[in-house]
>>> print(open('protein18.tsv').read())   # TSV, C-alpha atoms
chain	number	residue	atom	x	y	z
A	1	MET	CA	55.85	15.72	-75.98
A	2	HIS	CA	57.57	13.18	-73.71
A	3	PHE	CA	54.64	12.94	-71.31
A	4	ARG	CA	55.86	9.65	-69.84
A	5	ARG	CA	58.67	11.46	-68.06
A	6	LYS	CA	56.11	13.68	-66.31
A	7	LEU	CA	53.68	10.93	-65.31
A	8	SER	CA	53.75	9.16	-61.99
A	9	SER	CA	52.80	5.50	-61.77
A	10	LEU	CA	49.42	5.01	-63.44
A	11	THR	CA	48.55	2.35	-60.87
A	12	ALA	CA	49.25	4.85	-58.10
A	13	LEU	CA	47.20	7.54	-59.83
A	14	VAL	CA	44.26	5.14	-60.12
A	15	ALA	CA	44.53	4.53	-56.39
A	16	LEU	CA	44.70	8.27	-55.67
A	17	GLU	CA	41.58	9.00	-57.71
A	18	ALA	CA	39.64	6.27	-55.92
A	19	VAL	CA	40.73	7.44	-52.46
A	20	ALA	CA	39.91	11.08	-53.28
A	21	ARG	CA	36.46	10.09	-54.50
A	22	HIS	CA	35.60	7.72	-51.64
A	23	ARG	CA	37.45	9.64	-48.89
A	24	SER	CA	38.41	6.17	-47.74
A	25	ILE	CA	41.46	3.95	-48.26
A	26	SER	CA	39.49	0.77	-47.52
A	27	ALA	CA	36.69	1.66	-49.97
A	28	ALA	CA	39.26	2.50	-52.66
A	29	ALA	CA	41.03	-0.80	-52.04
A	30	ARG	CA	37.78	-2.74	-52.46
A	31	GLU	CA	36.98	-0.91	-55.68
A	32	ILE	CA	40.31	-1.52	-57.40
A	33	GLY	CA	40.79	-4.99	-55.93
A	34	VAL	CA	43.98	-4.59	-53.88
A	35	THR	CA	44.81	-4.47	-50.17
A	36	GLN	CA	44.60	-1.36	-48.03
A	37	ALA	CA	48.33	-1.58	-47.48
A	38	ALA	CA	48.95	-1.47	-51.23
A	39	VAL	CA	46.77	1.66	-51.59
A	40	SER	CA	48.61	3.31	-48.70
A	41	ARG	CA	51.97	2.53	-50.35
A	42	HIS	CA	50.75	4.09	-53.62
A	43	ILE	CA	49.65	7.27	-51.84
A	44	ALA	CA	52.95	7.45	-49.91
A	45	ALA	CA	54.91	7.06	-53.16
A	46	LEU	CA	52.93	9.87	-54.80
A	47	GLU	CA	53.42	12.16	-51.81
A	48	ALA	CA	57.17	11.52	-52.01
A	49	ASP	CA	57.07	12.19	-55.78
A	50	PHE	CA	55.13	15.44	-55.38
A	51	GLY	CA	56.93	16.55	-52.24
A	52	ARG	CA	53.71	17.34	-50.37
A	53	SER	CA	50.91	15.69	-48.45
A	54	LEU	CA	47.86	14.71	-50.45
A	55	PHE	CA	45.46	13.74	-47.67
A	56	THR	CA	44.70	14.73	-44.12
A	57	ARG	CA	44.32	11.57	-42.08
A	58	ALA	CA	41.45	11.22	-39.62
A	59	HIS	CA	40.30	8.27	-37.50
A	60	ARG	CA	37.88	6.74	-40.02
A	61	ALA	CA	38.37	8.84	-43.16
A	62	VAL	CA	40.89	10.80	-45.18
A	63	GLN	CA	40.31	14.26	-46.56
A	64	PRO	CA	42.03	15.27	-49.83
A	65	THR	CA	43.88	18.57	-49.88
A	66	ALA	CA	42.76	21.27	-52.32
A	67	GLU	CA	45.55	20.36	-54.74
A	68	CYS	CA	44.67	16.68	-54.44
A	69	LEU	CA	41.01	17.44	-55.21
A	70	LEU	CA	42.00	19.20	-58.44
A	71	LEU	CA	44.27	16.33	-59.44
A	72	GLY	CA	41.56	13.78	-58.59
A	73	GLN	CA	38.99	15.57	-60.77
A	74	ALA	CA	41.42	15.74	-63.69
A	75	LEU	CA	42.24	12.05	-63.29
A	76	ALA	CA	38.54	11.09	-63.14
A	77	GLU	CA	37.77	12.97	-66.36
A	78	ASN	CA	40.71	11.50	-68.22
A	79	PHE	CA	40.23	7.96	-66.92
A	80	TYR	CA	36.61	8.17	-68.13
A	81	GLY	CA	37.77	9.23	-71.59
A	82	ILE	CA	40.31	6.41	-71.70
A	83	ALA	CA	37.67	3.87	-70.63
A	84	GLU	CA	35.29	5.09	-73.34
A	85	ALA	CA	38.01	4.85	-76.00
A	86	ILE	CA	38.96	1.33	-74.91
A	87	ASP	CA	35.31	0.27	-74.90
A	88	ALA	CA	34.95	1.60	-78.44
A	89	MET	CA	38.02	-0.39	-79.50
A	90	ARG	CA	36.54	-3.55	-78.02
A	91	THR	CA	33.30	-3.05	-79.92
A	92	THR	CA	33.81	-4.56	-83.35
A	93	SER	CA	31.76	-3.71	-86.44
A	94	LYS	CA	29.90	-7.01	-86.01
A	95	ASP	CA	28.58	-5.79	-82.66
A	96	VAL	CA	27.10	-2.59	-84.12
A	97	VAL	CA	23.66	-2.75	-85.72
A	98	THR	CA	23.69	-0.36	-88.68
A	99	ILE	CA	20.39	0.91	-90.08
A	100	GLY	CA	19.80	3.14	-93.08
A	101	ALA	CA	16.85	5.47	-93.59
A	102	SER	CA	15.90	8.86	-94.95
A	103	VAL	CA	16.61	11.92	-92.83
A	104	ALA	CA	12.94	12.43	-91.94
A	105	PHE	CA	12.23	8.76	-91.24
A	106	SER	CA	15.30	8.50	-89.01
A	107	GLN	CA	14.48	11.52	-86.89
A	108	LEU	CA	10.70	11.22	-86.71
A	109	TRP	CA	10.13	7.46	-86.52
A	110	LEU	CA	13.28	5.36	-86.24
A	111	VAL	CA	15.40	7.02	-83.55
A	112	PRO	CA	12.64	7.23	-80.90
A	113	ARG	CA	12.05	3.48	-81.26
A	114	LEU	CA	15.74	2.62	-81.18
A	115	LEU	CA	16.06	4.55	-77.93
A	116	ARG	CA	13.17	2.57	-76.51
A	117	PHE	CA	14.80	-0.69	-77.63
A	118	ARG	CA	18.13	0.33	-76.14
A	119	ALA	CA	16.50	1.14	-72.80
A	120	ALA	CA	15.49	-2.53	-72.63
A	121	HIS	CA	18.74	-3.80	-74.21
A	122	PRO	CA	21.47	-1.37	-73.06
A	123	ALA	CA	24.30	-3.46	-74.50
A	124	THR	CA	23.09	-2.90	-78.07
A	125	ALA	CA	25.15	-0.47	-80.15
A	126	PHE	CA	23.51	1.33	-83.08
A	127	ARG	CA	24.69	3.28	-86.06
A	128	VAL	CA	22.03	5.13	-88.07
A	129	ILE	CA	22.91	6.30	-91.57
A	130	SER	CA	20.48	9.10	-92.47
A	131	ARG	CA	20.42	10.31	-96.03
A	132	ASP	CA	17.85	10.74	-98.79
A	133	ASP	CA	19.74	9.08	-101.63
A	134	TRP	CA	19.69	5.34	-102.35
A	135	ILE	CA	21.38	3.13	-99.75
A	136	ASP	CA	22.48	-0.12	-101.41
A	137	LEU	CA	22.12	-3.24	-99.29
A	138	GLY	CA	24.59	-5.06	-101.51
A	139	SER	CA	27.44	-2.83	-100.34
A	140	GLY	CA	27.30	-4.31	-96.83
A	141	GLU	CA	27.13	-0.81	-95.36
A	142	VAL	CA	23.94	-1.49	-93.41
A	143	ASP	CA	22.22	-4.45	-91.77
A	144	MET	CA	18.80	-3.19	-92.88
A	145	VAL	CA	17.27	-0.17	-94.54
A	146	PHE	CA	13.94	1.64	-94.55
A	147	ARG	CA	12.65	2.64	-97.98
A	148	TYR	CA	9.58	4.43	-99.24
A	149	GLY	CA	8.30	3.20	-102.57
A	150	LYS	CA	7.01	0.05	-104.18
A	151	GLY	CA	8.65	-3.35	-103.84
A	152	PRO	CA	10.10	-5.76	-104.52
A	153	PHE	CA	13.71	-4.57	-104.31
A	154	GLN	CA	16.46	-6.41	-106.16
A	155	ASP	CA	19.09	-6.02	-103.44
A	156	GLY	CA	17.00	-7.24	-100.50
A	157	GLU	CA	13.86	-8.84	-99.15
A	158	ILE	CA	10.98	-6.96	-97.58
A	159	VAL	CA	10.69	-7.79	-93.88
A	160	ALA	CA	7.74	-5.50	-93.15
A	161	ARG	CA	5.60	-2.99	-95.02
A	162	THR	CA	3.03	-0.41	-94.04
A	163	GLY	CA	1.08	2.23	-95.89
A	164	ASP	CA	0.60	5.83	-94.85
A	165	THR	CA	-2.02	8.54	-94.86
A	166	VAL	CA	-1.45	12.11	-96.05
A	167	PHE	CA	-3.42	15.15	-94.89
A	168	PRO	CA	-2.86	18.90	-94.26
A	169	VAL	CA	-1.56	20.05	-90.86
A	170	CYS	CA	-0.76	23.39	-89.27
A	171	ALA	CA	-0.12	24.93	-85.86
A	172	PRO	CA	-3.15	25.70	-83.67
A	173	ASP	CA	-2.29	29.41	-83.58
A	174	TYR	CA	-2.10	29.52	-87.40
A	175	ALA	CA	-5.56	27.93	-87.57
A	176	ALA	CA	-6.82	30.48	-85.05
A	177	ARG	CA	-5.48	33.39	-87.11
A	178	HIS	CA	-7.05	32.15	-90.37
A	179	ASP	CA	-10.52	31.02	-91.28
A	180	LEU	CA	-9.68	27.51	-92.49
A	181	SER	CA	-13.12	25.99	-91.99
A	182	ASP	CA	-13.55	25.80	-95.78
A	183	PHE	CA	-9.98	24.76	-96.63
A	184	PRO	CA	-8.79	24.79	-99.40
A	185	ASN	CA	-11.36	27.34	-100.55
A	186	CYS	CA	-9.88	30.12	-98.42
A	187	ARG	CA	-6.71	32.15	-97.94
A	188	PHE	CA	-3.70	30.19	-96.71
A	189	ASP	CA	0.09	29.74	-96.93
A	190	LEU	CA	1.52	26.44	-98.09
A	191	ILE	CA	4.83	24.91	-97.01
A	192	GLU	CA	6.28	22.21	-99.22
A	193	GLN	CA	9.17	19.79	-99.09
A	194	ASP	CA	11.12	20.46	-102.26
A	195	VAL	CA	12.50	17.04	-103.25
A	196	PRO	CA	13.21	15.53	-106.70
A	197	ASP	CA	11.72	12.13	-105.77
A	198	ARG	CA	8.35	12.01	-107.53
A	199	SER	CA	7.13	9.17	-105.31
A	200	TRP	CA	6.91	11.73	-102.47
A	201	TYR	CA	3.65	13.66	-102.56
A	202	ARG	CA	3.57	17.36	-103.40
A	203	TRP	CA	0.75	19.81	-102.93
A	204	SER	CA	-0.11	19.57	-106.63
A	205	ASP	CA	-0.61	15.81	-106.16
A	206	TRP	CA	-2.75	16.33	-103.08
A	207	PHE	CA	-5.00	18.89	-104.75
A	208	ALA	CA	-5.31	16.74	-107.89
A	209	GLN	CA	-6.54	13.77	-105.86
A	210	SER	CA	-8.64	15.75	-103.39
A	211	GLY	CA	-10.79	17.36	-106.05
A	212	GLY	CA	-9.52	20.63	-107.45
A	213	ARG	CA	-6.70	23.12	-107.39
A	214	PRO	CA	-7.42	26.49	-105.73
A	215	PRO	CA	-5.94	29.62	-107.30
A	216	ASN	CA	-3.43	30.21	-104.45
A	217	ALA	CA	-2.07	26.65	-104.40
A	218	ALA	CA	1.57	27.62	-105.08
A	219	PRO	CA	3.71	27.02	-101.96
A	220	SER	CA	5.13	30.19	-100.45
A	221	LEU	CA	7.87	28.31	-98.56
A	222	ARG	CA	9.94	25.39	-99.87
A	223	LEU	CA	12.29	23.41	-97.67
A	224	THR	CA	14.61	20.48	-98.37
A	225	TYR	CA	13.64	18.08	-95.59
A	226	LEU	CA	10.33	16.99	-94.12
A	227	THR	CA	11.69	17.68	-90.64
A	228	GLU	CA	12.22	21.33	-91.61
A	229	THR	CA	8.78	21.47	-93.23
A	230	LEU	CA	7.04	20.22	-90.10
A	231	ALA	CA	9.14	22.52	-87.92
A	232	ALA	CA	8.04	25.51	-90.00
A	233	ALA	CA	4.41	24.42	-89.73
A	234	THR	CA	4.75	23.98	-85.97
A	235	ALA	CA	6.18	27.51	-85.77
A	236	GLY	CA	3.03	28.84	-87.44
A	237	ALA	CA	4.46	29.60	-90.90
A	238	GLY	CA	1.64	27.89	-92.79
A	239	ILE	CA	0.13	24.55	-93.78
A	240	ALA	CA	2.29	21.49	-94.42
A	241	MET	CA	1.51	18.08	-95.79
A	242	GLY	CA	1.47	15.63	-92.92
A	243	TRP	CA	2.36	11.97	-93.21
A	244	GLN	CA	0.59	10.11	-90.41
A	245	MET	CA	3.50	7.75	-89.70
A	246	LEU	CA	6.02	10.59	-89.51
A	247	LEU	CA	4.07	13.05	-87.37
A	248	GLY	CA	5.04	11.30	-84.15
A	249	ASP	CA	3.01	12.64	-81.25
A	250	ALA	CA	2.52	16.10	-82.79
A	251	LEU	CA	-1.23	15.60	-83.16
A	252	GLU	CA	-1.67	14.08	-79.69
A	253	THR	CA	0.24	16.88	-77.99
A	254	GLY	CA	-1.51	19.54	-80.04
A	255	ALA	CA	1.66	20.89	-81.62
A	256	LEU	CA	-0.08	20.38	-84.98
A	257	VAL	CA	-3.74	20.06	-85.92
A	258	LYS	CA	-5.30	18.34	-88.88
A	259	LEU	CA	-7.27	20.39	-91.41
A	260	GLY	CA	-10.48	19.12	-92.94
A	261	THR	CA	-11.56	15.52	-93.39
A	262	ILE	CA	-9.89	14.67	-96.70
A	263	GLU	CA	-7.13	12.06	-96.47
A	264	ILE	CA	-5.12	10.43	-99.24
A	265	LYS	CA	-3.67	6.94	-99.01
A	266	PRO	CA	-0.77	6.66	-101.49
A	267	ASP	CA	-0.23	3.38	-103.33
A	268	LEU	CA	3.38	3.36	-102.19
A	269	GLY	CA	4.49	2.45	-98.68
A	270	HIS	CA	7.28	2.31	-96.13
A	271	HIS	CA	9.37	-0.87	-96.22
A	272	LEU	CA	11.89	-2.47	-93.90
A	273	VAL	CA	14.32	-4.24	-96.21
A	274	ALA	CA	17.13	-6.63	-95.25
A	275	PRO	CA	19.81	-8.40	-97.32
A	276	ILE	CA	18.59	-11.58	-99.00
A	277	ARG	CA	21.36	-13.62	-97.40
A	278	PRO	CA	22.09	-11.71	-94.22
A	279	LYS	CA	25.31	-12.28	-92.31
A	280	SER	CA	24.04	-10.33	-89.37
A	281	SER	CA	24.52	-10.84	-85.67
A	282	LEU	CA	21.92	-12.03	-83.20
A	283	GLN	CA	21.55	-8.42	-82.07
A	284	ALA	CA	20.76	-7.32	-85.63
A	285	GLN	CA	18.14	-10.06	-85.88
A	286	LEU	CA	16.52	-8.91	-82.63
A	287	VAL	CA	16.49	-5.28	-83.75
A	288	LYS	CA	15.03	-6.23	-87.12
A	289	SER	CA	12.25	-8.22	-85.49
A	290	PHE	CA	11.48	-5.36	-83.10
A	291	LEU	CA	11.34	-2.74	-85.87
A	292	ALA	CA	9.18	-4.99	-88.04
A	293	GLN	CA	6.67	-5.34	-85.20
A	294	GLU	CA	6.72	-1.58	-84.61
A	295	MET	CA	6.15	-0.90	-88.29
A	296	MET	CA	3.22	-3.29	-88.42
A	297	GLY	CA	1.65	-1.61	-85.42
A	298	GLY	CA	2.60	-4.27	-82.91
>>> encode(input="protein18.tsv", output="structure tokens")
Amino acid sequence: MHFRRKLSSLTALVALEAVARHRSISAAAREIGVTQAAVSRHIAALEADFGRSLFTRAHRAVQPTAECLLLGQALAENFYGIAEAIDAMRTTSKDVVTIGASVAFSQLWLVPRLLRFRAAHPATAFRVISRDDWIDLGSGEVDMVFRYGKGPFQDGEIVARTGDTVFPVCAPDYAARHDLSDFPNCRFDLIEQDVPDRSWYRWSDWFAQSGGRPPNAAPSLRLTYLTETLAAATAGAGIAMGWQMLLGDALETGALVKLGTIEIKPDLGHHLVAPIRPKSSLQAQLVKSFLAQEMMGG
């Protein structure tokens, strides 16, 4: 499509959009950095091109016609899209802080903190890679990665580490519908995250360490991700295994309640790992320091 043949002067269209938005030639001139006379010439040229008036002139203001309003709205939307695309082109890969983490860790712990950091540092650009397989620091794909397990790690150095606590959780209405005062020696429904990683606790591990396996310990609902598991528990489908660090504010808000007093502290932990010889930007260093403090409870 030869769109150039159909377009008027882009400079004139920028002036038109500004005048239509401000309802003022002088305000539009100040915004785009030209004289009022220049803006008036652009509008006159467009009116000659279109063969119709675009504004109704008053003493101190101009009012766009109905057709001009429609054109101004279309220009504003498209100019915004162009500005966003140009801004993205100006942002190089060195300006983007890339962080890897599991799906659950990203959604439940990492992203809320990155949003808080960005509120204080709005110029920071993030890219979060969320997946449950191994993210290799040596590939240069990420500036840092969160891992659950036991260090050290050959491809990076541990910047921060924290343990976690595991305990059963369910929705308040599920607890109200079942007599769970003697859990696990009662009737219940278990929800389990069905993952191949044996470092991640299952219900069989929890019962083995908590002192016995009840006869109805087989999970009735298996889901792939922890986020889905906690969502099912919040919806009242049964009891899930809660990881303190990944529950967010679910306990404080009452979306989930803790069952019993038994807690397990796994030997493994959550780690923030960075390349041994990082070639990261100052922004990446700031983000890494912030996340390390958050992980350590600072």
>>> atom_distance(input="protein18.tsv", atom1="atom CA of Gly72 of chain A", atom2="atom CA of Ala20 of chain A")
6.2 Å
>>> residues_near_point(input="protein18.tsv", point="(0.0, 12.8, -93.3)", cutoff="6 Å", atoms="only C-alpha atoms", output="PyMOL selection string")
chain A and resi 165-167+242-244
>>> axis_aligned_box(input="protein18.tsv", around="segment 217-222 of chain A", padding_each_side="5 Å", output="lines of an AutoDock Vina configuration file")
center_x = 3.9
center_y = 27.8
center_z = -101.8
size_x = 22.0
size_y = 14.8
size_z = 16.5
>>> closest_residue(input="protein18.tsv", among="A:Val159, A:Leu108, A:Ala237, A:Leu7", to="Glu192 of chain A", atoms="all atoms listed in the file")
A:Ala237
>>> closest_residue(input="protein18.tsv", among="A:Phe126, A:Phe188, A:Tyr201, A:Phe55", to="Pro266 of chain A", atoms="only C-alpha atoms")
A:Tyr201
>>> residues_around(input="protein18.tsv", residues="Leu180 of chain A", least_positions_apart="2", cutoff="12 Å", atoms="only C-alpha atoms", output="list of chain:residue names")
A:Pro168, A:Val169, A:Cys170, A:Ala171, A:Pro172, A:Asp173, A:Tyr174, A:Ala175, A:Ala176, A:Arg177, A:His178, A:Asp182, A:Phe183, A:Pro184, A:Asn185, A:Cys186, A:Arg187, A:Phe188, A:Asp189, A:Gly238, A:Ile239, A:Val257, A:Lys258, A:Leu259, A:Gly260
>>> write_last_selection(input="protein18.tsv", atoms="C-alpha atoms", output="mmCIF file, in the frame of the given file")
data_model
loop_
_atom_site.group_PDB
_atom_site.id
_atom_site.type_symbol
_atom_site.label_atom_id
_atom_site.label_comp_id
_atom_site.auth_asym_id
_atom_site.auth_seq_id
_atom_site.Cartn_x
_atom_site.Cartn_y
_atom_site.Cartn_z
ATOM 1 C CA PRO A 168 -2.860 18.900 -94.260
ATOM 2 C CA VAL A 169 -1.560 20.050 -90.860
ATOM 3 C CA CYS A 170 -0.760 23.390 -89.270
ATOM 4 C CA ALA A 171 -0.120 24.930 -85.860
ATOM 5 C CA PRO A 172 -3.150 25.700 -83.670
ATOM 6 C CA ASP A 173 -2.290 29.410 -83.580
ATOM 7 C CA TYR A 174 -2.100 29.520 -87.400
ATOM 8 C CA ALA A 175 -5.560 27.930 -87.570
ATOM 9 C CA ALA A 176 -6.820 30.480 -85.050
ATOM 10 C CA ARG A 177 -5.480 33.390 -87.110
ATOM 11 C CA HIS A 178 -7.050 32.150 -90.370
ATOM 12 C CA ASP A 182 -13.550 25.800 -95.780
ATOM 13 C CA PHE A 183 -9.980 24.760 -96.630
ATOM 14 C CA PRO A 184 -8.790 24.790 -99.400
ATOM 15 C CA ASN A 185 -11.360 27.340 -100.550
ATOM 16 C CA CYS A 186 -9.880 30.120 -98.420
ATOM 17 C CA ARG A 187 -6.710 32.150 -97.940
ATOM 18 C CA PHE A 188 -3.700 30.190 -96.710
ATOM 19 C CA ASP A 189 0.090 29.740 -96.930
ATOM 20 C CA GLY A 238 1.640 27.890 -92.790
ATOM 21 C CA ILE A 239 0.130 24.550 -93.780
ATOM 22 C CA VAL A 257 -3.740 20.060 -85.920
ATOM 23 C CA LYS A 258 -5.300 18.340 -88.880
ATOM 24 C CA LEU A 259 -7.270 20.390 -91.410
ATOM 25 C CA GLY A 260 -10.480 19.120 -92.940
#
>>> atom_distance(input="protein18.tsv", atom1="atom CA of Glu252 of chain A", atom2="atom CA of Pro219 of chain A")
26.3 Å
>>> atom_distance(input="protein18.tsv", atom1="atom CA of Gly156 of chain A", atom2="atom CA of Asp143 of chain A")
10.5 Å
>>> closest_residue(input="protein18.tsv", among="A:Met241, A:Val97, A:Cys68, A:Val103", to="Ala123 of chain A", atoms="only C-alpha atoms")
A:Val97
>>> closest_residue(input="protein18.tsv", among="A:Val62, A:Leu114, A:Met295, A:Ile262", to="Arg21 of chain A", atoms="only C-alpha atoms")
A:Val62
>>> closest_residue(input="protein18.tsv", among="A:Ser289, A:Thr253, A:Ser130, A:Asn216", to="Ala104 of chain A", atoms="all atoms listed in the file")
A:Ser130
>>> closest_residue(input="protein18.tsv", among="A:Leu70, A:Ala38, A:Ile276, A:Val128", to="Pro112 of chain A", atoms="only C-alpha atoms")
A:Val128
>>> residues_around(input="protein18.tsv", residues="Val14 of chain A", least_positions_apart="2", cutoff="10 Å", atoms="only C-alpha atoms", output="list in words")
Ser9, Leu10, Thr11, Ala12, Leu16, Glu17, Ala18, Val19, Ala28, Ile32, Val39, His42, Gly72, Leu75, Ala76 and Phe79 of chain A
>>> residues_near_point(input="protein18.tsv", point="(6.5, 1.8, -97.8)", cutoff="6 Å", atoms="all atoms listed in the file", output="ChimeraX atom specification")
/A:148-149,161-163,268-271
